[in-house]
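Colleague: What follows is a single structure, and I will ask about it in a moment.
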Amino acid sequence: MPPDVADSLVQAVAEACNNAILHAAGETFSVSVNVQGNACTLIISDLGRGFEPPEHARMPSPEAVDHRGLALMEALVDQVKVSSTPAGTTVVLVHEAPSVLPNSGPPPTSSLASLRRLVAGG
């Protein structure tokens, strides 16, 4: 996975996890990763209080100090799906990496390693 794609995923996952920690008021959240071909799907779920997700996220005014999470995630990955109930929230992030050219060698893994560390909690 090219570094810029992995970096975008790391930032989007970090934002979703941050939202779970700051807003969900739950004690547990999980992150799962599924990579198939060039597509990476990440699912962040929490057992918090839930909220009513907007149909389309909007970036708040420059003076706002928070509430940028969903808009940021939408800017970083190809697809963001949010479902939420009073029993918890699930955020699905989907991103497709550009195909690696046949003679370009394996994709760099340093950013992917950062994603693995983030998911592992270290």
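Numbering starts fresh at 1 for the residues of each chain in the structure tokens, the chains themselves are lettered A, B, ... in the order given, and ligands are numbered from 1 as they appear.
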Write out as a ChimeraX atom specification the set of residues from segment 12-95 of chain A that DSSP, computed on the backbone, places in strand (DSSP E).
Modeller: /A:29-36,39-46,79-85,88-95
Colleague: In terms of the shortest atom-to-atom distance over only C-alpha atoms, which of A:Ile44, A:Ala97, A:Val35, A:Val80 is closest to Ala14 of chain A?
Modeller: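 The closest residue to Ala14 of chain A is A:Ile44.
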Colleague: For segment 25-29 of chain A, please output as a PDB file with N, CA and C atoms, in the first residue's frame all residues within 8 Å (counting only C-alpha atoms; exclusion window: fewer than 2 positions along the same chain).
Modeller:
ATOM      1  N   CYS A  17     -11.208   6.526  16.297  1.00  0.00           N
ATOM      2  CA  CYS A  17     -10.928   6.067  17.661  1.00  0.00           C
ATOM      3  C   CYS A  17     -11.011   7.220  18.651  1.00  0.00           C
ATOM      4  N   ALA A  20     -14.560   7.867  19.386  1.00  0.00           N
ATOM      5  CA  ALA A  20     -15.101   6.845  20.288  1.00  0.00           C
ATOM      6  C   ALA A  20     -14.698   7.146  21.733  1.00  0.00           C
ATOM      7  N   ILE A  21     -13.463   7.544  21.927  1.00  0.00           N
ATOM      8  CA  ILE A  21     -12.965   7.822  23.281  1.00  0.00           C
ATOM      9  C   ILE A  21     -13.602   9.096  23.852  1.00  0.00           C
ATOM     10  N   LEU A  22     -13.656  10.159  23.052  1.00  0.00           N
ATOM     11  CA  LEU A  22     -14.129  11.445  23.556  1.00  0.00           C
ATOM     12  C   LEU A  22     -15.642  11.566  23.656  1.00  0.00           C
ATOM     13  N   HIS A  23     -16.364  10.984  22.706  1.00  0.00           N
ATOM     14  CA  HIS A  23     -17.793  11.259  22.602  1.00  0.00           C
ATOM     15  C   HIS A  23     -18.710  10.109  22.989  1.00  0.00           C
ATOM     16  N   VAL A  31     -11.373  -2.217  16.772  1.00  0.00           N
ATOM     17  CA  VAL A  31     -10.981  -1.882  15.407  1.00  0.00           C
ATOM     18  C   VAL A  31     -10.689  -3.189  14.692  1.00  0.00           C
ATOM     19  N   ILE A  44     -14.592   0.476  13.020  1.00  0.00           N
ATOM     20  CA  ILE A  44     -14.380   0.940  14.391  1.00  0.00           C
ATOM     21  C   ILE A  44     -15.743   0.945  15.073  1.00  0.00           C
ATOM     22  N   SER A  45     -15.883   0.165  16.133  1.00  0.00           N
ATOM     23  CA  SER A  45     -17.161   0.045  16.834  1.00  0.00           C
ATOM     24  C   SER A  45     -16.974   0.365  18.300  1.00  0.00           C
ATOM     25  N   ASP A  46     -17.965   1.038  18.872  1.00  0.00           N
ATOM     26  CA  ASP A  46     -17.925   1.298  20.307  1.00  0.00           C
ATOM     27  C   ASP A  46     -19.266   0.922  20.927  1.00  0.00           C
ATOM     28  N   LEU A  47     -19.265   0.802  22.228  1.00  0.00           N
ATOM     29  CA  LEU A  47     -20.470   0.446  22.985  1.00  0.00           C
ATOM     30  C   LEU A  47     -20.973   1.660  23.759  1.00  0.00           C
ATOM     31  N   GLY A  48     -20.758   2.828  23.190  1.00  0.00           N
ATOM     32  CA  GLY A  48     -21.124   4.074  23.865  1.00  0.00           C
ATOM     33  C   GLY A  48     -22.569   4.461  23.652  1.00  0.00           C
ATOM     34  N   ARG A  49     -22.856   5.724  23.913  1.00  0.00           N
ATOM     35  CA  ARG A  49     -24.231   6.209  23.950  1.00  0.00           C
ATOM     36  C   ARG A  49     -24.839   6.477  22.576  1.00  0.00           C
TER      37      ARG A  49
END
Colleague: Need to verify the contact set: Asn34 of chain A, 12 Å, only C-alpha atoms, exclusion of same-chain residues closer than 3 positions in sequence. Can you return it as JSON, numbers by chain?
Modeller: {"A": [31, 37, 38, 39, 40, 41, 42, 43, 44, 92, 93, 94, 95, 96, 116]}
Colleague: May I have the residues from that selection written out with C-alpha atoms, as a compact mmCIF listing (two decimals), in the first residue's frame?
Modeller:
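Saved result, out_38.txt, follows:
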# COMPACT_ATOMS: atom_id res chain seq x y z
CA VAL A 31 -10.98 -1.88 15.41
CA GLY A 37 -6.84 -6.76 -3.23
CA ASN A 38 -6.35 -2.99 -3.26
CA ALA A 39 -9.26 -2.27 -0.91
CA CYS A 40 -8.84 -1.81 2.82
CA THR A 41 -11.90 -1.77 5.06
CA LEU A 42 -11.62 -0.69 8.68
CA ILE A 43 -14.46 -1.02 11.16
CA ILE A 44 -14.38 0.94 14.39
CA VAL A 92 -16.79 1.80 8.41
CA LEU A 93 -13.89 3.32 6.49
CA VAL A 94 -13.15 2.02 2.99
CA HIS A 95 -10.15 3.06 0.94
CA GLU A 96 -8.77 1.68 -2.28
CA ARG A 116 -0.84 -2.05 12.64
Colleague: Could you check how far atom CA of Glu74 of chain A sits from atom CA of Ser8 of chain A, in Å to one decimal?
Modeller: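 Value for the atom CA of Glu74 of chain A-atom CA of Ser8 of chain A distance: 10.4 Å.
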Colleague: Would you mind telling me which residue in A:Lys81, A:Val13, A:Leu70, A:Gly50 lies nearest to Ser32 of chain A when using only C-alpha atoms?
Modeller: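 Looking at the shortest contact to Ser32 of chain A, the residue is A:Val13.
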Colleague: Select from segment 5-53 of chain A everything DSSP, run on the backbone, classes as alpha helix (DSSP H), then give the selection as a list in words.
Modeller: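 Selecting the alpha helix (DSSP H) positions of segment 5-53 of chain A gives Val5, Ala6, Asp7, Ser8, Leu9, Val10, Gln11, Ala12, Val13, Ala14, Glu15, Ala16, Cys17, Asn18, Asn19, Ala20, Ile21, Leu22 and His23 of chain A.
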Colleague: Measure the distance from atom CA of Val82 of chain A to atom CA of Ala12 of chain A in Å and round it to one decimal.
Modeller: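 About the pair atom CA of Val82 of chain A and atom CA of Ala12 of chain A: they are 13.1 Å apart.
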